[in-house]
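Worksheet for the structure shown next.
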Amino acid sequence: MNELLTLPDYPARCVRPAPPVPPGTQSATQVIGDVRPQSLVVIQGMIRSTGTIAVGGGPSFHFMLVDGSGEIDVLFLGRPGVRGLLPGTRVTLEGRIGTYDRKLALWNPRYRIESAV
């Protein structure tokens with residue numbers, strides 16, 4: 001059950017730049033290195049590893065999201081997997097920052113799989 005699929009660390013220089021923002025608007029996307037507990041965030045990055053772990057006696061899908069500024073745990077409670085969320089996939093996540101195992105984490109965030117460039 002605690003099997004992890006892992007990609008090697010990727011250097012920060014490989015991070016895809018954020019898409020252009022129309023003039024007069026602000027980008028709502030934050031970098032992982034700037035997020036703080038209890039804040040609402042929109043973050044974007046690449047999934048480095050995935051796996052299923054036990055949380056509260058049930059299965060939970062877990063992955064590590066990285067963006068060059070840091071990394072964050074992402075958990076989906078009660079689900080052993082989420083279709084399309086695999087190592088190497090770029091995603092945008094939206095949710096409230098919490099903690100898991102004394103590290104920053106997003107629990108059951110909204111997500112969007114980004115197209116490959």
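Identifiers in the structure tokens: chain A, B, ... in order shown; residue index from 1 per chain; ligand index from 1 in order shown.
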
Might you pull out every residue within 8 Å of Leu106 (chain A), with only C-alpha atoms counted and same-chain residues fewer than 6 positions away left off, and present them as a PyMOL selection string?
chain A and resi 72-75+95-99

Using DSSP secondary structure from the backbone, list all strand (DSSP E or B) positions within region 38-81 of chain A, as a PyMOL selection string.
chain A and resi 40-55+58-66+71-77

Taking 5 positions as the minimum chain separation for residues in the same chain, which residues sit within 12 Å of Gly56 (chain A) when counting only C-alpha atoms? Answer as a list in words.
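Returned residues: Leu77, Gly78 and Tyr100 of chain A.
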
Nearest to Glu71 (chain A) by atom-to-atom distance, counting only C-alpha atoms, from A:Thr89, A:Gln38, A:Asn108, A:Gln44
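Result for the nearest residue to Glu71 (chain A): A:Gln44.
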
Which is closest to Leu86 (chain A) among A:Ile47, A:Val55, A:Ala105, A:His62, if we use only C-alpha atoms?
A:Ile47

In Å, how far is it from CA of Gln30 (chain A) to CA of Ser49 (chain A)?
20.9 Å

Please measure the separation of CA of Ser69 (chain A) and CA of Met46 (chain A), giving the value in Å to one decimal.
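Straight-line distance from CA of Ser69 (chain A) to CA of Met46 (chain A) works out to 11.8 Å.
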
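Of the listed residues A:Gly33, A:Gly88, A:Pro109, A:Gly51, the one whose atoms come nearest to Phe63 (chain A) is A:Gly51, with distances taken using only C-alpha atoms.
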
Between CA of Pro59 (chain A) and CA of Val41 (chain A) lies a distance of 25.1 Å

Spatial neighbours of Arg83 (chain A), max dist 12 Å, only C-alpha atoms, sep filter under 2 positions, as a list in words
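What passes the distance filter is Thr50, Phe61, Phe76, Arg79, Pro80, Gly81, Leu85, Leu86, Pro87, Thr89, Tyr111, Arg112 and Ile113 of chain A.
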